[in-house]
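The file final01.txt contains compact mmCIF, C-alpha atoms:
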```txt
# COMPACT_ATOMS: atom_id res chain seq x y z
CA MET A 5 0.00 0.00 0.00
CA THR A 6 1.41 3.43 -1.02
CA THR A 7 1.32 6.05 1.71
CA VAL A 8 1.11 9.79 1.34
CA GLY A 9 4.57 10.12 2.84
CA SER A 10 6.20 7.73 0.36
CA ALA A 11 4.48 9.48 -2.54
CA ALA A 12 5.77 12.81 -1.31
CA ALA A 13 9.27 11.36 -1.00
CA ARG A 14 9.22 10.20 -4.63
CA HIS A 15 7.95 13.59 -5.72
CA HIS A 16 10.79 15.36 -3.93
CA LEU A 17 13.80 15.76 -6.25
CA GLY A 18 16.32 17.12 -3.76
CA VAL A 19 18.65 20.10 -3.84
CA ARG A 20 21.62 18.15 -5.25
CA ARG A 21 19.72 16.93 -8.30
CA LEU A 22 18.13 20.34 -8.82
CA LEU A 23 21.54 21.99 -8.87
CA ALA A 24 22.75 19.35 -11.33
CA VAL A 25 20.40 20.84 -13.94
CA PRO A 26 22.55 23.43 -15.79
CA GLY A 27 19.66 25.68 -16.79
CA PHE A 28 18.26 25.81 -13.27
CA ARG A 29 21.71 26.47 -11.84
CA ARG A 30 22.36 29.43 -14.17
CA LEU A 31 18.91 30.88 -13.55
CA LEU A 32 19.41 30.48 -9.79
CA ILE A 33 22.76 32.29 -9.80
CA SER A 34 21.22 35.13 -11.82
CA ARG A 35 18.39 35.38 -9.29
CA LEU A 36 20.74 35.33 -6.29
CA ALA A 37 23.00 38.01 -7.74
CA SER A 38 20.01 40.18 -8.58
CA GLN A 39 18.42 39.83 -5.14
CA TRP A 40 21.69 40.40 -3.29
CA GLY A 41 22.01 43.69 -5.15
CA ASP A 42 18.35 44.51 -4.43
CA GLY A 43 18.77 43.86 -0.71
CA LEU A 44 21.90 45.99 -0.55
CA PHE A 45 20.30 48.80 -2.58
CA GLN A 46 17.11 48.91 -0.50
CA ALA A 47 18.93 48.77 2.83
CA GLY A 48 21.41 51.37 1.66
CA LEU A 49 18.57 53.65 0.60
CA ALA A 50 16.70 53.03 3.88
CA GLY A 51 19.81 53.92 5.80
CA ALA A 52 20.29 57.05 3.73
CA VAL A 53 16.71 58.27 4.23
CA LEU A 54 15.40 56.80 7.50
CA PHE A 55 18.47 56.30 9.69
CA ASN A 56 20.69 59.05 8.32
CA PRO A 57 21.51 61.59 11.06
CA GLU A 58 21.49 64.29 8.35
CA ARG A 59 17.83 63.63 7.51
CA HIS A 60 14.52 63.32 9.38
CA ALA A 61 11.66 60.85 8.70
CA ASP A 62 8.08 60.79 10.02
CA PRO A 63 5.21 58.37 9.17
CA ALA A 64 4.11 60.49 6.22
CA ALA A 65 7.63 60.51 4.80
CA VAL A 66 7.93 56.73 5.13
CA ALA A 67 4.56 56.25 3.41
CA ALA A 68 5.55 58.69 0.66
CA GLY A 69 8.74 56.71 0.10
CA PHE A 70 6.79 53.49 -0.35
CA ALA A 71 4.32 55.16 -2.68
CA VAL A 72 6.93 56.82 -4.88
CA LEU A 73 9.04 53.68 -5.12
CA LEU A 74 6.27 51.17 -5.77
CA LEU A 75 3.17 52.79 -7.23
CA PRO A 76 4.53 54.11 -10.53
CA TYR A 77 5.88 50.69 -11.49
CA SER A 78 2.62 49.16 -10.37
CA ILE A 79 0.89 51.20 -13.06
CA VAL A 80 3.21 50.17 -15.90
CA GLY A 81 4.15 46.70 -14.62
CA PRO A 82 1.25 44.74 -16.13
CA PHE A 83 1.91 46.32 -19.53
CA ALA A 84 5.60 45.51 -19.27
CA GLY A 85 4.53 41.95 -18.47
CA ALA A 86 3.29 41.64 -22.05
CA LEU A 87 6.89 42.08 -23.16
CA LEU A 88 7.88 38.96 -21.19
CA ASP A 89 5.36 36.99 -23.25
CA ARG A 90 6.47 38.59 -26.53
CA TRP A 91 10.23 39.12 -26.44
CA ASP A 92 13.06 36.65 -25.82
CA ARG A 93 13.23 36.51 -22.01
CA ARG A 94 16.98 35.90 -22.07
CA ARG A 95 17.55 39.19 -23.88
CA VAL A 96 15.10 41.01 -21.61
CA LEU A 97 16.95 39.81 -18.48
CA VAL A 98 20.35 40.88 -19.83
CA ILE A 99 19.24 44.35 -20.96
CA ALA A 100 17.14 44.99 -17.83
CA ASN A 101 20.02 44.15 -15.48
CA LEU A 102 22.45 46.39 -17.35
CA THR A 103 19.92 49.23 -17.37
CA ARG A 104 19.46 48.79 -13.63
CA CYS A 105 23.20 49.40 -13.14
CA VAL A 106 22.85 52.84 -14.73
CA PHE A 107 20.02 53.89 -12.42
CA ILE A 108 21.77 52.52 -9.33
CA VAL A 109 24.66 54.88 -10.08
CA LEU A 110 22.25 57.79 -10.64
CA THR A 111 20.55 57.06 -7.31
CA ALA A 112 23.91 56.99 -5.55
CA VAL A 113 24.78 60.36 -7.09
CA ALA A 114 21.45 61.79 -5.87
CA VAL A 115 22.09 60.48 -2.33
CA GLY A 116 25.64 61.80 -2.29
CA ALA A 117 24.49 65.24 -3.43
CA GLY A 118 21.99 65.40 -0.57
CA MET A 119 18.99 65.39 -2.91
CA SER A 120 15.55 64.32 -1.69
CA ASP A 121 11.99 64.05 -2.93
CA VAL A 122 11.61 63.94 -6.73
CA PRO A 123 15.26 63.59 -7.92
CA LEU A 124 16.13 60.86 -5.44
CA TYR A 125 12.86 58.97 -5.68
CA ALA A 126 12.76 59.14 -9.49
CA ALA A 127 16.13 57.38 -9.78
CA ALA A 128 15.27 54.88 -7.04
CA LEU A 129 11.92 54.26 -8.73
CA MET A 130 13.64 53.09 -11.89
CA VAL A 131 15.88 50.71 -9.96
CA THR A 132 12.94 49.20 -8.07
CA GLY A 133 10.79 48.98 -11.19
CA ILE A 134 13.47 47.18 -13.18
CA SER A 135 14.08 44.84 -10.24
CA ARG A 136 10.40 43.85 -10.21
CA PHE A 137 10.51 43.35 -13.97
CA VAL A 138 13.59 41.12 -13.66
CA GLY A 139 11.89 39.11 -10.89
CA SER A 140 8.83 38.51 -13.07
CA GLY A 141 11.07 37.40 -15.93
CA LEU A 142 12.96 34.94 -13.74
CA SER A 143 9.73 33.44 -12.40
CA ALA A 144 8.19 33.14 -15.88
CA SER A 145 11.37 31.43 -17.12
CA LEU A 146 11.59 28.77 -14.40
CA PRO A 147 9.22 26.24 -16.05
CA HIS A 148 11.62 26.17 -19.03
CA VAL A 149 14.47 24.74 -16.96
CA VAL A 150 12.58 22.50 -14.48
CA GLU A 151 10.00 19.77 -15.14
CA GLU A 152 6.43 20.61 -14.10
CA ASP A 153 6.31 17.88 -11.42
CA HIS A 154 9.12 19.62 -9.53
CA LEU A 155 8.08 23.25 -9.93
CA VAL A 156 6.91 23.67 -6.33
CA GLU A 157 10.17 22.32 -4.98
CA ALA A 158 12.37 24.26 -7.42
CA ASN A 159 10.44 27.47 -6.83
CA ALA A 160 10.56 27.03 -3.05
CA PHE A 161 14.32 26.53 -3.16
CA ALA A 162 15.03 29.39 -5.57
CA THR A 163 12.64 31.87 -3.96
CA THR A 164 13.76 31.06 -0.43
CA LEU A 165 17.46 31.22 -1.22
CA GLY A 166 16.83 34.43 -3.16
CA ALA A 167 15.02 36.01 -0.22
CA LEU A 168 17.83 34.98 2.13
CA THR A 169 20.36 36.43 -0.29
CA ALA A 170 18.41 39.71 -0.25
CA VAL A 171 18.70 39.67 3.56
CA LEU A 172 22.43 39.03 3.16
CA GLY A 173 22.57 42.00 0.81
CA ALA A 174 20.83 44.16 3.41
CA GLY A 175 23.33 42.99 6.01
CA SER A 176 26.15 43.82 3.60
CA ALA A 177 24.76 47.35 3.35
CA VAL A 178 24.97 47.74 7.13
CA ALA A 179 28.58 46.52 7.04
CA PHE A 180 29.50 48.81 4.15
CA ARG A 181 27.92 51.81 5.93
CA THR A 182 30.18 51.09 8.91
CA ILE A 183 33.21 51.14 6.63
CA LEU A 184 32.21 53.85 4.15
CA GLY A 185 30.42 56.24 6.51
CA GLU A 186 26.86 57.01 7.65
CA GLY A 187 26.32 60.42 6.07
CA ASP A 188 25.18 61.16 2.54
CA GLY A 189 28.60 60.38 1.09
CA GLY A 190 28.92 57.00 2.81
CA SER A 191 25.33 56.10 1.92
CA ALA A 192 26.02 56.94 -1.73
CA ARG A 193 29.10 54.73 -1.84
CA THR A 194 27.21 51.89 -0.15
CA THR A 195 24.31 52.17 -2.59
CA CYS A 196 26.66 52.11 -5.57
CA VAL A 197 28.06 48.68 -4.58
CA ALA A 198 24.71 47.16 -5.65
CA ILE A 199 25.78 47.32 -9.31
CA VAL A 200 27.92 44.22 -8.69
CA GLY A 201 24.78 42.10 -8.30
CA SER A 202 23.19 43.43 -11.49
CA LEU A 203 26.35 42.85 -13.54
CA LEU A 204 26.64 39.24 -12.39
CA ALA A 205 22.90 38.65 -13.00
CA ALA A 206 23.24 39.98 -16.56
CA PHE A 207 26.29 37.80 -17.22
CA MET A 208 24.56 34.60 -16.04
CA ALA A 209 21.43 35.36 -18.10
CA SER A 210 23.61 35.92 -21.18
CA ARG A 211 24.88 32.33 -20.95
CA PHE A 212 21.49 30.94 -22.02
CA LYS A 213 20.92 30.35 -25.72
CA PRO A 214 18.38 32.69 -27.36
CA GLY A 215 14.81 31.43 -26.97
CA VAL A 216 15.58 28.84 -24.29
CA LEU A 217 13.69 30.74 -21.59
CA GLY A 218 10.62 31.31 -23.77
CA PRO A 219 8.08 32.35 -24.64
CA ASP A 220 7.47 29.21 -26.71
CA GLU A 221 4.44 30.70 -28.40
CA VAL A 222 3.29 34.28 -28.87
CA VAL A 223 -0.50 34.64 -28.87
CA GLU A 224 -0.73 38.42 -28.93
CA PRO A 225 -1.65 41.09 -31.46
CA ASN A 226 0.98 41.65 -34.14
CA ARG A 227 1.53 45.25 -33.09
CA THR A 228 3.69 45.56 -29.98
CA ILE A 229 1.88 48.69 -28.73
CA THR A 230 -1.46 46.88 -28.84
CA ALA A 231 0.01 43.84 -27.08
CA VAL A 232 1.52 45.98 -24.33
CA ALA A 233 -1.71 47.93 -23.84
CA MET A 234 -3.64 44.67 -23.41
CA GLY A 235 -1.17 43.26 -20.87
CA LEU A 236 -3.16 44.19 -17.75
CA LEU A 237 -6.45 42.89 -19.10
CA ASP A 238 -4.95 39.65 -20.41
CA GLY A 239 -3.24 38.91 -17.10
CA ALA A 240 -6.42 39.61 -15.14
CA LYS A 241 -8.52 37.40 -17.40
CA ALA A 242 -6.06 34.51 -17.19
CA ALA A 243 -5.91 34.74 -13.38
CA TRP A 244 -9.71 35.02 -13.01
CA ARG A 245 -10.30 31.94 -15.19
CA THR A 246 -8.25 29.90 -12.71
CA PRO A 247 -9.89 29.91 -9.25
CA SER A 248 -6.88 28.30 -7.57
CA VAL A 249 -4.70 31.20 -8.76
CA THR A 250 -7.29 33.85 -7.84
CA GLY A 251 -7.68 32.33 -4.38
CA VAL A 252 -4.00 32.32 -3.46
CA LEU A 253 -3.65 35.85 -4.82
CA VAL A 254 -6.40 37.01 -2.44
CA ALA A 255 -4.60 35.29 0.44
CA LEU A 256 -1.27 36.87 -0.47
CA LEU A 257 -2.75 40.34 -0.85
CA ALA A 258 -4.29 40.10 2.62
CA HIS A 259 -0.86 39.18 3.95
CA ARG A 260 0.80 42.10 2.15
CA ALA A 261 -1.73 44.58 3.54
CA ALA A 262 -1.23 43.31 7.09
CA PHE A 263 2.53 43.09 6.60
CA GLY A 264 2.62 46.67 5.29
CA ILE A 265 1.03 47.89 8.52
CA SER A 266 3.49 45.84 10.57
CA LEU A 267 6.41 47.15 8.55
CA LEU A 268 5.47 50.78 9.16
CA LEU A 269 5.01 50.19 12.89
CA THR A 270 8.33 48.35 13.07
CA LEU A 271 10.28 51.09 11.29
CA LEU A 272 8.84 53.74 13.60
CA LEU A 273 9.39 51.65 16.72
CA MET A 274 13.02 51.03 15.76
CA ARG A 275 13.58 54.73 15.10
CA TYR A 276 11.73 56.35 17.99
CA SER A 277 10.66 53.86 20.70
CA VAL A 278 12.89 50.79 20.94
CA ASP A 279 15.74 53.09 19.83
CA THR A 280 18.00 50.44 18.30
CA GLY A 281 18.35 52.26 14.98
CA ILE A 282 19.49 50.47 11.87
CA ALA A 283 21.17 47.75 13.97
CA GLY A 284 17.76 46.73 15.33
CA LEU A 285 16.43 46.70 11.79
CA GLY A 286 19.25 44.31 10.94
CA GLN A 287 18.18 41.97 13.76
CA ILE A 288 14.63 42.01 12.42
CA ALA A 289 15.92 41.24 8.94
CA VAL A 290 17.82 38.24 10.30
CA ALA A 291 14.70 36.96 12.12
CA GLY A 292 12.68 37.40 8.96
CA GLY A 293 15.35 35.63 6.95
CA ALA A 294 15.17 32.68 9.35
CA GLY A 295 11.40 32.51 8.78
CA ILE A 296 11.93 32.51 5.03
CA LEU A 297 14.52 29.74 5.34
CA VAL A 298 12.23 27.50 7.37
CA ALA A 299 9.37 28.10 4.93
CA GLY A 300 11.60 27.18 2.01
CA ILE A 301 12.68 23.95 3.66
CA ILE A 302 9.25 22.64 4.62
CA THR A 303 6.68 24.20 2.25
CA ASP A 304 7.12 21.65 -0.54
CA ARG A 305 6.65 18.73 1.84
CA VAL A 306 3.77 20.40 3.69
CA VAL A 307 1.91 21.00 0.43
CA ASP A 308 2.55 17.39 -0.64
CA VAL A 309 1.06 16.05 2.58
CA LEU A 310 -1.70 18.56 3.39
CA GLY A 311 -2.52 19.98 0.00
CA ARG A 312 -2.29 23.62 -1.02
CA LYS A 313 -5.68 24.60 0.41
CA LEU A 314 -4.96 23.47 3.95
CA ALA A 315 -1.37 24.75 3.86
CA VAL A 316 -2.43 28.27 2.85
CA SER A 317 -5.29 28.31 5.36
CA ALA A 318 -3.03 27.21 8.21
CA ALA A 319 -0.44 29.84 7.28
CA LEU A 320 -3.03 32.63 7.44
CA VAL A 321 -4.36 31.46 10.82
CA LEU A 322 -0.81 31.24 12.19
CA ALA A 323 -0.05 34.75 10.94
CA ALA A 324 -3.19 36.17 12.54
CA ALA A 325 -2.30 34.59 15.89
CA ALA A 326 1.29 35.87 15.70
CA GLN A 327 0.20 39.35 14.67
CA LEU A 328 -2.02 39.70 17.73
CA GLY A 329 -0.05 37.74 20.32
CA LEU A 330 3.46 38.91 19.44
CA GLY A 331 2.62 42.34 18.06
CA LEU A 332 0.78 43.89 20.98
CA PRO A 333 3.65 43.95 23.53
CA MET A 334 5.71 46.09 21.11
CA LEU A 335 9.02 45.03 22.67
CA LEU A 336 12.15 44.02 20.77
CA PRO A 337 11.99 40.27 21.67
CA THR A 338 8.34 39.95 20.61
CA ILE A 339 8.98 42.05 17.50
CA LEU A 340 11.78 39.66 16.51
CA ALA A 341 9.58 36.60 17.15
CA GLY A 342 6.73 38.19 15.22
CA SER A 343 9.06 38.94 12.31
CA PHE A 344 10.05 35.27 12.15
CA VAL A 345 6.50 33.89 12.23
CA LEU A 346 4.96 36.48 9.89
CA THR A 347 7.66 36.11 7.24
CA PHE A 348 7.43 32.33 7.54
CA ALA A 349 3.67 32.34 7.02
CA GLY A 350 3.84 34.91 4.24
CA GLN A 351 6.52 32.96 2.42
CA VAL A 352 4.44 29.78 2.55
CA VAL A 353 1.58 31.65 0.89
CA LYS A 354 3.88 33.27 -1.68
CA LEU A 355 5.42 29.95 -2.66
CA CYS A 356 1.95 28.55 -3.21
CA VAL A 357 1.07 31.56 -5.40
CA ASP A 358 4.23 31.13 -7.49
CA ALA A 359 3.61 27.43 -7.96
CA ALA A 360 -0.03 28.01 -8.91
CA VAL A 361 0.87 30.58 -11.56
CA GLN A 362 3.78 28.55 -12.92
CA GLY A 363 1.87 25.28 -13.03
CA GLU A 364 -1.67 26.36 -13.95
CA ILE A 365 -1.22 29.40 -16.22
CA GLY A 366 -0.20 28.89 -19.85
CA ASP A 367 3.29 29.99 -20.87
CA GLU A 368 1.86 32.36 -23.49
CA VAL A 369 0.35 34.59 -20.78
CA ARG A 370 2.40 33.67 -17.71
CA GLY A 371 4.59 36.78 -17.80
CA ARG A 372 1.55 39.05 -17.76
CA VAL A 373 0.03 37.20 -14.81
CA PHE A 374 3.27 37.47 -12.85
CA ALA A 375 3.45 41.19 -13.66
CA LEU A 376 -0.18 41.63 -12.55
CA TYR A 377 0.58 39.67 -9.37
CA ASP A 378 3.57 41.91 -8.67
CA THR A 379 1.52 45.05 -9.27
CA LEU A 380 -1.29 44.00 -6.93
CA PHE A 381 1.40 43.08 -4.40
CA ASN A 382 2.86 46.60 -4.52
CA VAL A 383 -0.42 48.54 -4.63
CA THR A 384 -1.81 46.63 -1.65
CA GLN A 385 1.28 47.28 0.46
CA VAL A 386 1.40 50.98 -0.42
CA ALA A 387 -2.31 51.42 0.31
CA ALA A 388 -1.97 49.73 3.70
CA VAL A 389 1.10 51.77 4.65
CA SER A 390 -0.56 55.02 3.53
CA VAL A 391 -3.75 54.41 5.51
CA ALA A 392 -1.77 53.37 8.59
CA ALA A 393 0.51 56.42 8.30
CA ALA A 394 -2.51 58.71 8.53
CA VAL A 395 -3.43 57.45 12.01
CA VAL A 396 -0.25 56.03 13.58
CA PRO A 397 1.54 58.04 16.28
CA ILE A 398 5.10 58.97 15.41
CA ASP A 399 6.55 56.48 17.92
CA GLY A 400 4.73 53.56 16.24
CA ARG A 401 2.79 52.45 19.32
CA SER A 402 -0.70 51.66 17.98
CA PRO A 403 -2.54 48.58 19.34
CA ALA A 404 -5.53 49.42 17.12
CA LEU A 405 -3.45 48.98 13.97
CA ILE A 406 -2.14 45.63 15.19
CA VAL A 407 -5.72 44.44 15.71
CA ALA A 408 -6.62 45.73 12.23
CA ALA A 409 -3.71 43.78 10.70
CA THR A 410 -4.91 40.65 12.50
CA ALA A 411 -8.39 41.11 11.04
CA LEU A 412 -6.92 41.42 7.55
CA TYR A 413 -5.45 37.91 7.80
CA LEU A 414 -8.86 36.49 8.73
CA VAL A 415 -10.54 38.40 5.90
CA GLY A 416 -7.92 36.98 3.55
CA LEU A 417 -8.70 33.45 4.74
CA GLY A 418 -12.39 33.95 4.07
CA GLY A 419 -11.70 35.40 0.62
CA TYR A 420 -9.34 32.55 -0.24
CA LEU A 421 -11.88 29.86 0.63
CA LEU A 422 -14.62 31.75 -1.20
CA MET A 423 -12.55 32.01 -4.40
CA LEU A 424 -11.82 28.27 -4.36
CA ARG A 425 -15.57 27.56 -4.56
CA ARG A 426 -15.76 29.15 -8.01
CA SER A 427 -15.84 26.87 -11.04
CA PRO A 428 -12.90 27.11 -13.46
CA ARG A 429 -13.70 28.93 -16.71
```

Show this structure as structure tokens.
Amino acid sequence: MTTVGSAAARHHLGVRRLLAVPGFRRLLISRLASQWGDGLFQAGLAGAVLFNPERHADPAAVAAGFAVLLLPYSIVGPFAGALLDRWDRRRVLVIANLTRCVFIVLTAVAVGAGMSDVPLYAAALMVTGISRFVGSGLSASLPHVVEEDHLVEANAFATTLGALTAVLGAGSAVAFRTILGEGDGGSARTTCVAIVGSLLAAFMASRFKPGVLGPDEVVEPNRTITAVAMGLLDGAKAAWRTPSVTGVLVALLAHRAAFGISLLLTLLLMRYSVDTGIAGLGQIAVAGGAGILVAGIITDRVVDVLGRKLAVSAALVLAAAAQLGLGLPMLLPTILAGSFVLTFAGQVVKLCVDAAVQGEIGDEVRGRVFALYDTLFNVTQVAAVSVAAAVVPIDGRSPALIVAATALYLVGLGGYLLMLRRSPR
């Protein structure tokens, strides 16, 4: 008699055999280099704006930073997603990474010159936007280097290791700031180091043969402008026709809204209440990285045994409990524990979303769905941070917002289960 456990064991390929696949290995290295640079860039920018003794930040300024960095790309992202389903993804990844290098340097120049508001955020916006575009391209390319039966495992490994590498990049930024200085000049030099990740990511992507990463088939209008303009609508239609994808997207968006509130509170607490500065933020990043690591190790096996529906539901319930129980004390130890549990639960949900899109959405429209997914991800977080910033005290101590974040997880659970009851179209 075949047990569930033995079936799961056969399904599991293992890290060694995954890394033995040349295409997966090259794509993984490109992802890791890209995310290391992203982590370093974002932490360097956060240090320059939020923890720079030469500057001041209040809740409105933090919310404005999120909005300026994420919202503009969220408007164009779905249309750019059409390009991933139309152009050679290998070429897109190479060009995008090289273009990102240029805007990293421009951002560093803006930081070093003491600029703020529009000049600084415009350059940083381009870096963040290109990073999201690269991430969508890497995710859409994965099914071309890994067999469908092992997508969940491969995605869990790549996404988890990538997230941990981003944490390592953030930690590198803290180390570089210690060496290069904490003022505008040191922050600029630290930010500039992020080009190393983009250059390596471009090099690894260039080692693929043209066409290997897809798209295999282009089912779009002949005119590129028309295809790009239809990107948002095509991605939305494809996701809506697949209830399993719609459901996990609802769950993930609930998590991002709640997580956005928690992130704002945490930044303010670290700056004004707990008073640990950027070092405390580094501790939180490490705790979050540990949560991501654990999720990456066990998610594939949990989904094999419990099924995606139960795994996502359990993750949302766990997050709600952690948000309320660990968030309310607003002390550093409980903040660290909450960071671990919330990032663990969120990563479980995200891995399920990635696997659903990669396994259940056709390759001809997959890039647009990933771009739509990324856009909804950004818009939801910005909206949550903006609303919270309007009511949060400057020291970040707001039990009401913690309760609201808890409720969002439960609303997400209800929406997820409701979406699964729809019939596929």

Study note, to complete from the structure: Using only C-alpha atoms, the shortest atom-to-atom distance to Val391 of chain A among A:Pro63, A:Leu32, A:Leu414, A:Leu332 belongs to A:Pro63

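Comparing A:Thr303, A:Thr250, A:Ser140, A:Gln351 by their smallest distance to Arg425 of chain A, the closest is A:Thr250 (using all atoms listed in the file).
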
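If you look at atom CA of Thr246 of chain A and atom CA of Gly363 of chain A, they are 11.1 Å away from each other.
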
Revision key, fill the gap. The residue from A:Phe45, A:Thr164, A:Asn159, A:Leu268 with the smallest atom-to-atom distance to Ser390 of chain A, counting only C-alpha atoms, is A:Leu268

Revision key, fill the gap. One residue among A:Ala255, A:Glu368, A:Ala261, A:Val290 is nearest to Met423 of chain A when using all atoms listed in the file, and that residue is A:Ala255

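In terms of minimum interatomic distance to Ile265 of chain A, A:Ala409 ranks closest within A:Arg29, A:Ala409, A:Ala67, A:Leu297, counting only C-alpha atoms.
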
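Compared by their closest atoms to Val278 of chain A, and using only C-alpha atoms, the residues A:Arg136, A:Arg305, A:Arg401, A:His148 rank with A:Arg401 nearest.
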
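We find atom CA of Leu322 of chain A and atom CA of Val415 of chain A to be spaced 13.6 Å apart.
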
Exercise for review: Please return, as a PyMOL selection string, all polymer residues that have at least one atom within 7 Å of the point (13.0, 36.5, 4.1); use all atoms listed in the file and the file's own coordinate frame.
Suggested key: chain A and resi 167-168+171+292-296+347

Hey, can you spit out that residue selection with C-alpha atoms as a compact mmCIF listing (two decimals), keeping the file's coordinate frame?
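Below you can see result-v1.txt, which holds the result:
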```
# COMPACT_ATOMS: atom_id res chain seq x y z
CA ALA A 167 15.02 36.01 -0.22
CA LEU A 168 17.83 34.98 2.13
CA VAL A 171 18.70 39.67 3.56
CA GLY A 292 12.68 37.40 8.96
CA GLY A 293 15.35 35.63 6.95
CA ALA A 294 15.17 32.68 9.35
CA GLY A 295 11.40 32.51 8.78
CA ILE A 296 11.93 32.51 5.03
CA THR A 347 7.66 36.11 7.24
```

Point to revise | Two-atom distance - atom CA of Gly141 of chain A, atom CA of Asn101 of chain A (Å) | key: 11.2 Å

Practice item. List every protein, DNA or RNA residue that has an atom no more than 8 Å from (24.6, 49.0, 5.3) in the file's coordinate frame, counting all atoms listed in the file, and report them as a ChimeraX atom specification. Key: /A:44,47-48,51,174-182,191,194
